[in-house]
$ cat model_24.txt   # compact mmCIF, C-alpha atoms and all ligand atoms
# COMPACT_ATOMS: atom_id res chain seq x y z
CA MET A 268 88.06 91.99 105.14
CA GLY A 269 89.22 94.68 107.50
CA GLU A 270 92.85 93.65 107.17
CA GLU A 271 95.30 96.17 105.80
CA THR A 272 96.64 94.97 102.44
CA ASN A 273 99.98 95.87 100.97
CA ALA A 274 99.82 96.58 97.24
CA CYS A 275 103.63 96.40 97.02
CA GLN A 276 104.86 92.97 95.98
CA GLY A 277 108.66 92.88 95.89
CA PRO A 278 110.47 91.41 92.88
CA ALA A 279 112.14 88.07 93.53
CA HIS A 280 115.63 88.84 92.27
CA THR A 281 118.31 90.82 94.10
CA PRO A 282 120.55 93.00 91.91
CA ALA A 283 124.34 92.50 91.84
CA GLY A 284 126.44 94.06 94.63
CA LYS A 285 128.30 97.36 94.36
CA THR A 286 130.92 99.13 96.45
CA ALA A 287 130.39 102.46 98.25
CA ALA A 288 132.98 104.08 95.98
CA GLU A 289 130.75 103.46 92.96
CA SER A 290 128.07 105.85 94.25
CA ALA A 291 129.99 108.26 96.54
CA VAL A 292 129.72 111.97 95.74
CA VAL A 293 131.42 115.23 96.63
CA MET A 294 129.28 118.30 95.91
CA THR A 295 130.30 121.92 96.39
CA HIS A 296 128.22 125.08 96.74
CA GLN A 297 129.25 128.68 97.39
CA VAL A 298 127.14 130.32 100.11
CA LEU A 299 125.29 133.34 98.69
CA PRO A 300 123.60 136.18 100.62
CA HIS A 301 120.09 134.74 100.12
CA ASP A 302 121.23 131.53 101.91
CA ALA A 303 122.04 133.40 105.12
CA ASN A 304 120.58 135.48 107.94
CA PRO A 305 121.39 139.22 108.26
CA ALA A 306 124.49 138.39 110.32
CA GLY A 307 125.88 136.33 107.42
CA ASN A 308 125.38 132.86 108.97
CA VAL A 309 123.97 130.31 106.55
CA HIS A 310 120.50 128.96 107.50
CA GLY A 311 120.48 125.42 108.90
CA GLY A 312 117.80 124.45 106.38
CA VAL A 313 120.10 125.35 103.49
CA ILE A 314 122.78 122.98 104.80
CA LEU A 315 120.14 120.32 105.38
CA LYS A 316 118.93 120.63 101.79
CA HIS A 317 122.51 120.17 100.49
CA ILE A 318 122.87 117.10 102.74
CA ASP A 319 119.58 115.57 101.58
CA THR A 320 120.43 116.29 97.93
CA ALA A 321 123.88 114.70 98.13
CA ALA A 322 122.54 111.63 99.94
CA GLY A 323 119.76 111.31 97.36
CA VAL A 324 122.30 111.33 94.54
CA VAL A 325 124.23 108.53 96.28
CA ALA A 326 121.06 106.46 96.71
CA MET A 327 119.97 106.93 93.09
CA ARG A 328 123.46 106.12 91.81
CA HIS A 329 123.53 102.93 93.87
CA VAL A 330 120.12 101.69 92.76
CA ARG A 331 120.04 103.44 89.34
CA GLY A 332 116.42 104.24 90.07
CA TRP A 333 114.21 106.33 92.34
CA ALA A 334 114.84 106.60 96.08
CA VAL A 335 113.21 108.69 98.82
CA THR A 336 114.37 109.97 102.20
CA ALA A 337 112.85 107.81 104.94
CA SER A 338 114.67 109.41 107.88
CA ILE A 339 117.38 111.82 108.89
CA ASP A 340 119.16 111.17 112.17
CA ARG A 341 119.96 113.91 114.65
CA MET A 342 121.95 116.74 113.11
CA ASP A 343 124.35 119.00 114.98
CA PHE A 344 125.59 122.32 113.67
CA LEU A 345 129.13 122.18 115.01
CA ARG A 346 130.40 125.49 113.59
CA PRO A 347 128.79 128.36 111.67
CA VAL A 348 129.11 128.72 107.90
CA TYR A 349 129.33 132.25 106.48
CA VAL A 350 128.34 133.98 103.25
CA GLY A 351 131.05 133.65 100.61
CA GLU A 352 132.40 130.34 101.93
CA LEU A 353 132.55 127.14 99.92
CA VAL A 354 130.50 124.27 101.36
CA THR A 355 131.69 120.78 100.45
CA VAL A 356 129.27 117.90 101.03
CA LYS A 357 130.76 114.39 100.97
CA ALA A 358 128.28 111.51 100.94
CA SER A 359 128.67 107.74 100.71
CA LEU A 360 126.89 104.51 101.57
CA ASN A 361 127.46 102.87 104.95
CA LEU A 362 124.86 100.12 104.89
CA VAL A 363 122.32 98.55 102.55
CA GLY A 364 119.41 96.55 103.93
CA ARG A 365 116.82 94.95 101.67
CA THR A 366 115.32 98.13 100.22
CA SER A 367 116.86 100.75 102.53
CA MET A 368 120.28 102.40 102.51
CA GLU A 369 122.09 104.39 105.19
CA ILE A 370 124.17 107.22 103.77
CA GLY A 371 126.73 109.12 105.82
CA VAL A 372 127.30 112.79 104.99
CA ARG A 373 130.11 115.08 106.09
CA VAL A 374 129.98 118.82 105.51
CA GLU A 375 133.00 121.12 105.46
CA ALA A 376 133.20 124.88 105.00
CA GLU A 377 136.19 126.54 103.37
CA ASN A 378 137.09 130.19 103.80
CA LEU A 379 138.15 131.05 100.26
CA LEU A 380 140.34 133.93 101.39
CA THR A 381 142.40 132.05 103.99
CA GLY A 382 142.02 128.42 102.87
CA GLU A 383 140.86 127.40 106.38
CA VAL A 384 138.64 124.29 106.25
CA ARG A 385 136.21 123.48 109.09
CA HIS A 386 134.11 120.38 109.71
CA THR A 387 130.64 121.85 110.25
CA ASN A 388 128.14 118.96 110.14
CA SER A 389 127.75 115.22 109.97
CA ALA A 390 124.50 113.39 109.35
CA TYR A 391 123.13 109.92 108.63
CA LEU A 392 120.16 109.50 106.32
CA THR A 393 118.11 106.47 105.38
CA PHE A 394 116.80 106.29 101.82
CA VAL A 395 114.46 103.66 100.42
CA ALA A 396 114.67 102.45 96.82
CA LEU A 397 111.35 102.63 94.97
CA ASP A 398 110.04 100.98 91.82
CA GLY A 399 107.96 102.76 89.20
CA LEU A 400 104.80 102.30 91.30
CA GLY A 401 106.33 103.92 94.39
CA CYS A 402 106.81 100.59 96.19
CA PRO A 403 110.05 99.71 98.04
CA ARG A 404 112.24 97.55 95.83
CA PRO A 405 115.45 95.60 96.56
CA ALA A 406 118.65 97.63 96.41
CA PRO A 407 121.95 96.13 95.21
CA PRO A 408 123.83 94.71 98.23
CA LEU A 409 126.79 96.73 99.46
CA ILE A 410 130.20 95.12 98.89
CA ILE A 411 132.26 95.81 102.02
CA ASP A 412 135.76 96.31 100.64
CA GLY A 413 138.28 97.31 103.27
CA GLU A 414 138.71 98.52 106.82
CA VAL A 415 136.97 101.88 106.46
CA ALA A 416 133.93 100.30 104.80
CA GLU A 417 133.87 97.62 107.50
CA ARG A 418 133.96 100.16 110.35
CA ARG A 419 131.26 102.33 108.75
CA HIS A 420 129.10 99.26 108.14
CA ARG A 421 129.47 98.05 111.74
CA GLN A 422 128.56 101.48 113.15
CA ALA A 423 125.62 101.79 110.73
CA LEU A 424 124.25 98.41 111.87
CA ARG A 425 124.25 99.70 115.43
CA ARG A 426 122.48 102.93 114.42
CA ARG A 427 119.88 100.94 112.46
CA GLU A 428 119.19 98.86 115.56
CA LEU A 429 118.75 101.99 117.69
CA ARG A 430 116.49 103.53 115.03
CA ARG A 431 114.31 100.43 114.92
CA GLN A 432 114.07 100.36 118.71
CA ALA A 433 113.06 104.04 118.79
CA ILE A 434 110.37 103.50 116.12
CA ALA A 435 109.02 100.42 117.92
CA GLU A 436 108.90 102.28 121.25
CA GLU A 437 107.16 105.25 119.66
CA ARG A 438 104.57 102.97 118.05
CA ALA A 439 104.02 101.21 121.38
CA GLY A 440 103.45 104.62 122.97
CA GLY A 441 106.60 104.38 125.11
C1 LIG B 501 110.01 105.51 102.99
C2 LIG B 501 108.78 104.68 102.62
C3 LIG B 501 108.79 104.33 101.11
C4 LIG B 501 108.80 103.37 103.44
O1 LIG B 501 107.59 102.75 103.19
P1 LIG B 501 107.10 101.53 104.13
O2 LIG B 501 105.73 101.18 103.72
O3 LIG B 501 107.41 101.85 105.56
O4 LIG B 501 108.03 100.40 103.61
P2 LIG B 501 108.50 99.09 104.36
O5 LIG B 501 107.82 98.90 105.68
O6 LIG B 501 108.40 98.01 103.33
O7 LIG B 501 110.03 99.39 104.66
C5 LIG B 501 110.93 99.53 103.60
C6 LIG B 501 112.30 99.80 104.18
O8 LIG B 501 112.32 101.13 104.71
C7 LIG B 501 112.82 101.09 106.04
N1 LIG B 501 112.16 102.18 106.75
C8 LIG B 501 110.84 102.45 106.79
N2 LIG B 501 110.62 103.54 107.55
C9 LIG B 501 111.83 103.96 107.98
C10 LIG B 501 112.27 105.04 108.80
N3 LIG B 501 111.41 105.91 109.33
N4 LIG B 501 113.58 105.15 109.06
C11 LIG B 501 114.47 104.29 108.53
N5 LIG B 501 114.13 103.26 107.73
C12 LIG B 501 112.82 103.09 107.48
C13 LIG B 501 112.44 99.71 106.54
O9 LIG B 501 113.26 99.34 107.65
C14 LIG B 501 112.69 98.86 105.32
O10 LIG B 501 114.08 98.61 105.20
P3 LIG B 501 114.65 97.23 104.54
O11 LIG B 501 113.83 96.94 103.33
O12 LIG B 501 116.06 97.55 104.19
O13 LIG B 501 114.54 96.19 105.60
C15 LIG B 501 107.44 105.48 102.95
O14 LIG B 501 107.38 105.69 104.35
C16 LIG B 501 107.37 106.82 102.24
O15 LIG B 501 107.05 106.89 101.06
N6 LIG B 501 107.69 107.91 102.96
C17 LIG B 501 107.70 109.25 102.35
C18 LIG B 501 109.04 109.52 101.70
C19 LIG B 501 109.21 110.97 101.33
O16 LIG B 501 108.28 111.59 100.85
N7 LIG B 501 110.41 111.52 101.57
C20 LIG B 501 110.68 112.90 101.39
C21 LIG B 501 110.89 113.28 99.97
S1 LIG B 501 112.11 112.32 99.13
$ encode --input "model_24.txt" --output "C-alpha cells" --more "lines below"
Ligand SMILES: CC(C)(COP(=O)(O)OP(=O)(O)OC[C@H]1O[C@@H](n2cnc3c(N)ncnc32)[C@H](O)[C@@H]1OP(=O)(O)O)[C@@H](O)C(=O)NCCC(=O)NCCS
Amino acid sequence: MGEETNACQGPAHTPAGKTAAESAVVMTHQVLPHDANPAGNVHGGVILKHIDTAAGVVAMRHVRGWAVTASIDRMDFLRPVYVGELVTVKASLNLVGRTSMEIGVRVEAENLLTGEVRHTNSAYLTFVALDGLGCPRPAPPLIIDGEVAERRHRQALRRRELRRQAIAEERAGG
C-alpha cells in the first residue's frame, strides 16, 4: 500500500540486432509560404516537426512497432531556411539502450535556383519503443558495423550519460 506500482512488465526476450542502415531515412520537403514568416524565413517549429517526424520513422523502422519521443536535445538554428528551398532531413540511429534509442538528425537546405546546399540544423532525439499497451518494450540491439557507427555510438553514450545526470540533478532539485 502507498507504493507506486508499475503496470508495465517487460517481455523476457530481446529481438535480433539490426544495423543503423536498416532504418536510416532521408526525407525532403519544399518550404512553402505558409511555413514561413513574412520575411520568408521558415519557422523553427516547422523544421522541428520535420526532425521529429524523420526520427520517429527511424525508430518505428528499427522496432517495427510504436515509438514515442522522450526527449529532444538542444537545437541550434545555424542558418536560415527560405521559402522555395528544399529541406533535406537525414536521420539514423546512434545508440540503442534497452527500450530507448538515440537518433541523430542532420538538416540541409538547398537553394533550387543555385544548387547551394547549407547545413542548417543538427539534433539528437531519444525515442522509446512501446508495446500495444503503451509500455516501454525492448528494442532490437544496434549492430555497430564500422568506424562511423562506432564514433556515433561512442558520442551518443556520452550524451546519454550527460542527459541522465541532468535529469537526476533536476529531480534532486539541483
Ligand atoms: C517516454 C516514456 C514512454 C518513458 O516512460 P518511463 O515510465 O519513464 O519509462 P522507463 O523509466 O521505463 O524508461 C524507459 C526508457 O526511456 C528512457 N527515458 C525515459 N525518460 C527519458 C528522457 N526524458 N530522456 C531520454 N530518455 C528517457 C529511459 O532511460 C529508459 O531507457 P532504456 O530502457 O533504454 O534504459 C514516457 O515518459 C512517455 O510516455 N512520455 C510521453 C511521450 C510523448 O507523448 N511524446 C510526444 C509524442 S510522440
$ atom_distance --input "model_24.txt" --atom1 "atom N1 of ligand LIG 501 (chain B)" --atom2 "atom CA of A:Leu409"
17.2 Å
$ residues_near_ligand --input "model_24.txt" --ligand "ligand LIG 501 (chain B)" --cutoff "7 Å" --atoms "all atoms listed in the file" --output "PyMOL selection string"
chain A and resi 335-338+363-368+393-395+397+402-403+430
$ residues_around --input "model_24.txt" --residues "A:Arg427" --least-positions-apart "2" --cutoff "12 Å" --atoms "only C-alpha atoms" --output "MDAnalysis selection string"
chainID A and resid 338:340 361:364 367:370 391:393 420:425 429:434
$ residues_near_point --input "model_24.txt" --point "(127.3, 128.3, 107.3)" --cutoff "9 Å" --atoms "only C-alpha atoms" --output "list in words"
Val298, Asp302, Ala303, Gly307, Asn308, Val309, His310, Gly311, Val313, Ile314, Phe344, Arg346, Pro347, Val348, Tyr349, Val350, Glu352, Val354, Ala376 and Thr387 of chain A
$ atom_distance --input "model_24.txt" --atom1 "atom CA of A:Lys357" --atom2 "atom CA of A:Glu377"
13.5 Å
$ closest_residue --input "model_24.txt" --among "A:Ala288, A:Val325, A:Met294, A:Val356" --to "A:Ile411" --atoms "all atoms listed in the file"
A:Ala288
$ atom_distance --input "model_24.txt" --atom1 "atom CA of A:Thr286" --atom2 "atom CA of A:Thr355"
22.0 Å
$ closest_residue --input "model_24.txt" --among "A:Asp343, A:Gly351, A:Asp412, A:Val372" --to "A:His301" --atoms "only C-alpha atoms"
A:Gly351
$ closest_residue --input "model_24.txt" --among "A:Ser389, A:Ser290, A:Asn304, A:Thr381" --to "A:Asp319" --atoms "only C-alpha atoms"
A:Ser389
$ residues_near_point --input "model_24.txt" --point "(127.9, 113.9, 101.1)" --cutoff "7 Å" --atoms "all atoms listed in the file" --output "list in words"
Val292, Val293, Met294, Ile318, Ala321, Ala322, Val356, Lys357, Ala358, Ser359, Gly371, Val372, Arg373 and Val374 of chain A
$ closest_residue --input "model_24.txt" --among "A:Arg426, A:Arg328, A:Arg418, A:His317" --to "A:Glu289" --atoms "all atoms listed in the file"
A:Arg328
$ axis_aligned_box --input "model_24.txt" --around "stretch 317-333 of chain A" --padding-each-side "3 Å" --output "JSON"
{"center_x": 119.2, "center_y": 110.9, "center_z": 96.0, "size_x": 16.0, "size_y": 24.5, "size_z": 19.4}
$ closest_residue --input "model_24.txt" --among "A:Val384, A:Leu353, A:Ile410, A:Ala396" --to "A:Thr295" --atoms "all atoms listed in the file"
A:Leu353
$ closest_residue --input "model_24.txt" --among "A:Met327, A:Glu437, A:Glu428, A:Ala274" --to "A:Leu400" --atoms "all atoms listed in the file"
A:Ala274
